[in-house]
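S.K.: One structure, pasted below without further comment.
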Amino acid sequence: MRVRGVVHDLVGGHVAADAARPDLSADYFTLFDQPRAFAIDEGALASRYRALQGATHPDRHAASGAGERRWAVQASSFVNDAFETLRRPLKRATYLLSLAGISIDEETDTAMDPMFLMQQMEWRESLESASGASDPHAALDRIERELAAASRATADEFGQVSRAGDWSGARDVVRRWQFLDKLGREVDELGARLDDDRTDA
Amino acid sequence: MALFQISEPGESAAPHQRRLGVGIDLGTTNSLVAAVRSGVPDVLPDEQGRGALPSIVHFGAEHTVVGESAAPLDGAIRSAKRLMGKGPEDLHGHWLSRHYRFDTSAALPGFVTEAGPRNAQQVSAAILGELKRRAERTLGDTLAGAVITVPAYFDEAQRQATKDAAAMVGLPVLRLLNEPTAAAVAYGLDSGEEGVVAIYDLGGGTFDISLLRLQRGVFEVLATAGDTALGGDDLDNLLVDWMLERLGVASAPEGSAQVALKELARGLKERLSSQDSVPVELALGEARWSGELTRAGFDALAQPLIDATLKPCRRVLRDAKVAREDIRAVVMVGGSTRVPAVRERVSAFFDREVLIDIDPDTVVAIGAAVQADALVGNRSQDDLLLLDVTPLSLGLETMGNLVEKVIPRNTTIPVARAQEFTTYKDGQTAMALHVVQGERELVSDCRSLGRFQIAGLPPRVAGALRIQVLFQVDADGLLSVSALERESGTVASIDVKPSYGLDDGEIERMLGESMERAADDARARALAEQQVEGRRALEAIESALAADGDQHLDTRERGAIDTLVERVRQAVAGDDRDAIQSAVQALESGSATYVERRMNASVRAMMAGRALDELDEPNDPSVSESTAAADAADR
């Protein structure tokens, strides 16, 4: 019964639907006082986040009335979501696309660069054989390093393409990036399983 | 309803009377209450000068006894915290069910006592009541509220159960605080440590490992993991098993012999913390054994348990994507961290010295007291802000017994996340929603938190309706879920309580049964609380109006609010609780627009990094847009 797994900015939508609430949802970049671009100042982002939480966090309103406490929960949640979106490069890229009116639809669009698909399959195969390898941790570390390098390259590519305003190109980059991200999560899960099986310190 | 109190950094909000907030460490083995007095946080002792209150309760036919004096009584209940938020099905195979008889006729399993069945919440309520009395006697006034600590790994049900227990003794909960976070608060303020810190908490009954980032007064939980069924008690049990083996006794003894063995085990454990070996004389019935236990022998016994604590340590490092060498300090919490082998192994694992400067038994209560003091408004809150995370993933059941995670674990709270679902049959007018908690893919492997239904959907072809399901977790880590169908505007929601948890009726009933709350007492308390609430509302709005009422309100709006203020003033002077409540509510809703304007102004001022009086610049599009939206809605 699920339509799509995209966790999008419905918090903002929710707040906007109830107009008696303050509209904090201009857009995340404005909220965090950052230019609307992929390159971001992480230090400034983090310090802005602390300032915003300082004003909105429910603990700052713990001694207040119910209405104000509700507001604080919503506003602080919104700030958390915005921060999470901006600080994760892939989420930030996807968000930039959505601001440009481009959606990432995983289900209807299957065209992918064949070279990339080949590379993907190779990673998948080495991931499957990693747990049976003589030193599974070393095998996993190697895949992790390769994936990290590929993700960095993809992030750089997105930066260039989006700066040039090529949103259709940017969308293709994000779709490849999503594959890498999913593989990365699988590597993490396998790593956690291997850790759990290990008993030494 | 103190209106958003705008103050310059470093300045306290409004002049007010000092209010009493305490920190409570509601432990499996021992509980403590602490408070900040003259700026110094400290544990509040009982009349005999003892700090720790053993978490032992005896419900007699006439009296309830809590603490040390309950210990020798037959049928005294220990370790009830292990059953907080648990249902009858959780008892199955639980070690507690070997030691106690349970009445499982109610939704919550009750320990069988001379006073009738008593569930874990009621046992905890008795402990909280005792600590509350102790605090009020020591501090000489009623408490404004308490910060109660819970293991970071506590799930929804267990957190809710803790709040329920406090409600039963009329103790307002300012905040539930994760125990490791509390320990970090205690250390953070005392030593000003910055960077990523690991909190290793091996208590009597639970193990927690948390990674926190401390930076300029902000404590951000990066990741947390642990085990609610692992602790120092297990170390004692291992020692008891060792003794029984030496004695050649096959099965564990019952009653006083068992208590004596445990005492002996604890004594051995403590002495081995400072000695390399201790002589041991054992006698149980006919069986005798004498010899010695060496530190090395004990370490070998403890090794599997310590190993088990290192797995969650690896997990949090992975979750937080922090390398071991990036950990700047390791804080030890819980009496079991006094065991040298624990400290050595943990120190080796993180490759650095561990911190144990603050008594690991009281550090959690101390931290909770510091936070309570901040939350009741006794210190400038700019000092301190805690950003906590969800310990476990939250999601919904979808087709095929699968879990769709909506909020992954270690997400900073409060958080609100929405996901869209659709109907799968033509003409479908209702949808059942099943909320679950856990990391596994299958619903049957996760914990069920509750079910609800959104009904009255307009009939459409399958897939045509969009149902938005919103998960909200507040700063205490408590979840509420709502569903909205936009076309028809149909909504449904629940505050998630576990299916076997307490409904309000049950809480009422337990309030009634609660040993110390006569009906009149409860009414008087309710009235007093409502009067306090009313006075607080008056104080807040009056100071707000004085500050910037003219700036945000026109004459007509101001007149309307003044009328509502006068109604609250009259109600507070009377003794009708409901009248005060409804007058306060009327004031709240009547001044909502004003509150929001102030908040917008304040947030924007903060965002823009400018002082308040520079606001309302005509060229700032975000300000003018939002003002327009607010005006359109309100006028």
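Simple scheme: letters A, B, ... for chains in structure tokens order, numbers from 1 for residues in each chain, numbers from 1 for ligands in the order shown.
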Find the residues around segment 223-231 of chain B up to 10 Å (only C-alpha atoms counted), leave out those fewer than 4 positions away in its own chain, and share them as number ranges by chain.
M.R.: B: 28, 82, 94, 151-155, 178, 180, 198-213, 235-236, 305-306, 308-322, 334-336, 388-392, 409-412
S.K.: Write out as a list in words which residues come within 8 Å of segment 176-190 of chain A when counting only C-alpha atoms, dropping same-chain ones fewer than 6 positions away.
M.R.: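 Surrounding residues, per the criterion: Leu90, Phe116, Arg124, Leu127, Ser131, Leu140, Ile143, Glu144, Leu147, Ala150, Ser151, Thr154 and Ala155 of chain A; Arg318 of chain B.
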S.K.: Between atom CA of Ala75 of chain A and atom CA of Leu385 of chain B, measure the distance and give it in Å to one decimal.
M.R.: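 According to the coordinates, atom CA of Ala75 of chain A and atom CA of Leu385 of chain B are separated by 15.5 Å.
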S.K.: So that I can check the secondary structure, give me every residue of segment 226-309 of chain B assigned strand (DSSP E) by backbone DSSP, as a PyMOL selection string.
M.R.: chain B and resi 226-227+277-284+287-294
S.K.: With only C-alpha atoms as the counted atoms, please give the residues lying no more than 9 Å from segment 105-121 of chain B, apart from itself and same-chain residues fewer than 2 positions off, as a PyMOL selection string.
M.R.: chain B and resi 58-64+75-77+80-88+91+100-103+123-126+161-166+168+499-502
S.K.: Kindly save the residues from that selection, with C-alpha atoms included, as a tab-separated table (two decimals), in the first residue's frame.
M.R.:
```tsv
chain	number	residue	atom	x	y	z
B	58	HIS	CA	7.28	-4.02	50.60
B	59	PHE	CA	3.51	-3.69	50.31
B	60	GLY	CA	2.05	-4.85	53.62
B	61	ALA	CA	-1.61	-5.14	54.52
B	62	GLU	CA	-1.39	-1.81	56.35
B	63	HIS	CA	1.86	-0.12	55.48
B	64	THR	CA	4.09	0.28	52.50
B	75	GLY	CA	7.87	-10.57	49.83
B	76	ALA	CA	9.82	-7.33	49.37
B	77	ILE	CA	10.04	-6.39	45.68
B	80	ALA	CA	10.92	-3.81	39.53
B	81	LYS	CA	12.43	-1.40	37.01
B	82	ARG	CA	13.14	-4.42	34.84
B	83	LEU	CA	9.40	-4.81	34.34
B	84	MET	CA	8.56	-1.18	33.62
B	85	GLY	CA	6.33	-1.02	30.58
B	86	LYS	CA	6.32	-4.80	30.19
B	87	GLY	CA	3.25	-6.90	29.53
B	88	PRO	CA	2.35	-10.39	30.74
B	91	LEU	CA	7.25	-12.37	31.95
B	100	TYR	CA	8.01	-13.56	42.40
B	101	ARG	CA	4.44	-14.63	41.94
B	102	PHE	CA	2.48	-12.54	39.49
B	103	ASP	CA	-1.15	-11.72	39.00
B	123	VAL	CA	6.40	-0.07	42.81
B	124	SER	CA	8.26	2.77	41.09
B	125	ALA	CA	5.59	5.21	42.27
B	126	ALA	CA	6.23	4.13	45.86
B	161	ALA	CA	5.50	3.79	32.36
B	162	THR	CA	8.02	6.02	34.13
B	163	LYS	CA	5.86	9.09	33.55
B	164	ASP	CA	2.79	7.18	34.76
B	165	ALA	CA	4.60	6.25	37.97
B	166	ALA	CA	5.40	9.91	38.65
B	168	MET	CA	0.60	8.42	40.58
B	499	SER	CA	-1.27	-2.01	23.58
B	500	TYR	CA	-0.88	-3.43	27.09
B	501	GLY	CA	-0.06	-0.06	28.64
B	502	LEU	CA	-2.22	1.98	30.90
```
S.K.: Considering only C-alpha atoms, state which residue in the set B:Gly450, B:Gly145, B:Gly232, B:Gly23 is at the smallest distance from chain A.
M.R.: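 Smallest distance to chain A is found for B:Gly145.
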S.K.: Identify, on the basis of only C-alpha atoms, every residue whose closest approach to Arg460 of chain B does not exceed 9 Å; exclude the query and any residue fewer than 5 positions from it along the same chain; express the result as an MDAnalysis selection string.
M.R.: chainID B and resid 423 425:429 465
S.K.: Please identify all polymer residues within 10 Å of segment 35-41 of chain A, counting only C-alpha atoms, omitting same-chain residues fewer than 3 positions from it, and present them as a PyMOL selection string.
M.R.: chain A and resi 27-30+32+44-46+86-87+89-90+92-93+95-96+99+155-156+158-160+162-163
S.K.: Keeping only C-alpha atoms, write the selected residues to a file as a PDB file, in the first residue's frame.
M.R.:
```pdb
ATOM      1  CA  ASP A  27      13.246  27.142   2.658  1.00  0.00           C
ATOM      2  CA  TYR A  28      16.027  25.403   4.548  1.00  0.00           C
ATOM      3  CA  PHE A  29      18.817  27.456   3.024  1.00  0.00           C
ATOM      4  CA  THR A  30      17.149  30.695   4.055  1.00  0.00           C
ATOM      5  CA  PHE A  32      20.110  28.488   7.909  1.00  0.00           C
ATOM      6  CA  ALA A  44      28.349  28.035   9.955  1.00  0.00           C
ATOM      7  CA  LEU A  45      25.614  25.454   9.477  1.00  0.00           C
ATOM      8  CA  ALA A  46      26.368  23.828  12.831  1.00  0.00           C
ATOM      9  CA  LEU A  86      21.391  20.318   4.729  1.00  0.00           C
ATOM     10  CA  ARG A  87      24.245  18.535   6.426  1.00  0.00           C
ATOM     11  CA  PRO A  89      25.325  15.818   1.067  1.00  0.00           C
ATOM     12  CA  LEU A  90      22.949  13.440  -0.728  1.00  0.00           C
ATOM     13  CA  ARG A  92      21.071  18.326   0.347  1.00  0.00           C
ATOM     14  CA  ALA A  93      21.451  17.484  -3.340  1.00  0.00           C
ATOM     15  CA  TYR A  95      16.537  18.917  -1.727  1.00  0.00           C
ATOM     16  CA  LEU A  96      18.188  21.294  -4.217  1.00  0.00           C
ATOM     17  CA  LEU A  99      13.620  23.280  -5.027  1.00  0.00           C
ATOM     18  CA  ALA A 155      29.355  14.718  -4.900  1.00  0.00           C
ATOM     19  CA  ASP A 156      31.944  16.801  -6.765  1.00  0.00           C
ATOM     20  CA  PHE A 158      26.878  17.143  -8.592  1.00  0.00           C
ATOM     21  CA  GLY A 159      28.489  20.368  -7.416  1.00  0.00           C
ATOM     22  CA  GLN A 160      29.735  21.158 -10.906  1.00  0.00           C
ATOM     23  CA  SER A 162      24.259  22.009 -10.398  1.00  0.00           C
ATOM     24  CA  ARG A 163      26.436  25.120 -10.470  1.00  0.00           C
TER      25      ARG A 163
END
```
S.K.: Tell me, in Å to one decimal, how far atom CA of Glu397 of chain B is from atom CA of Val491 of chain B.
M.R.: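 Going from atom CA of Glu397 of chain B over to atom CA of Val491 of chain B covers 18.9 Å.
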S.K.: Run DSSP on the backbone of this structure and report the residues of segment 53-214 of chain B it assigns to alpha helix (DSSP H), as a count of residues only.
M.R.: 54
S.K.: Would you work out the distance separating atom CA of Ala329 of chain B from atom CA of Ser274 of chain B, expressed in Å to one decimal?
M.R.: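 Calculated distance between atom CA of Ala329 of chain B and atom CA of Ser274 of chain B is 23.9 Å.
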S.K.: List the spatial neighbours of His57 of chain A as a PDB file with N, CA and C atoms, in the first residue's frame - criterion: any atom at most 7 Å away, only C-alpha atoms, same-chain residues fewer than 4 positions off excluded.
M.R.:
```
ATOM      1  N   GLN A  53      18.143  25.959  17.598  1.00  0.00           N
ATOM      2  CA  GLN A  53      17.636  25.092  18.661  1.00  0.00           C
ATOM      3  C   GLN A  53      17.570  25.845  19.979  1.00  0.00           C
ATOM      4  N   ALA A  72       6.810  24.875  20.235  1.00  0.00           N
ATOM      5  CA  ALA A  72       8.241  24.589  20.368  1.00  0.00           C
ATOM      6  C   ALA A  72       8.577  23.220  19.779  1.00  0.00           C
ATOM      7  N   VAL A  73       7.722  22.230  20.053  1.00  0.00           N
ATOM      8  CA  VAL A  73       7.982  20.890  19.517  1.00  0.00           C
ATOM      9  C   VAL A  73       7.993  20.938  17.995  1.00  0.00           C
ATOM     10  N   SER A  76      11.049  23.131  16.685  1.00  0.00           N
ATOM     11  CA  SER A  76      12.315  22.457  16.914  1.00  0.00           C
ATOM     12  C   SER A  76      12.456  21.228  16.003  1.00  0.00           C
TER      13      SER A  76
END
```
S.K.: Under the rule that only C-alpha atoms are counted, which of B:Arg598, B:His99, B:Arg343, B:Arg567 is the nearest residue to Val259 of chain B?
M.R.: B:His99
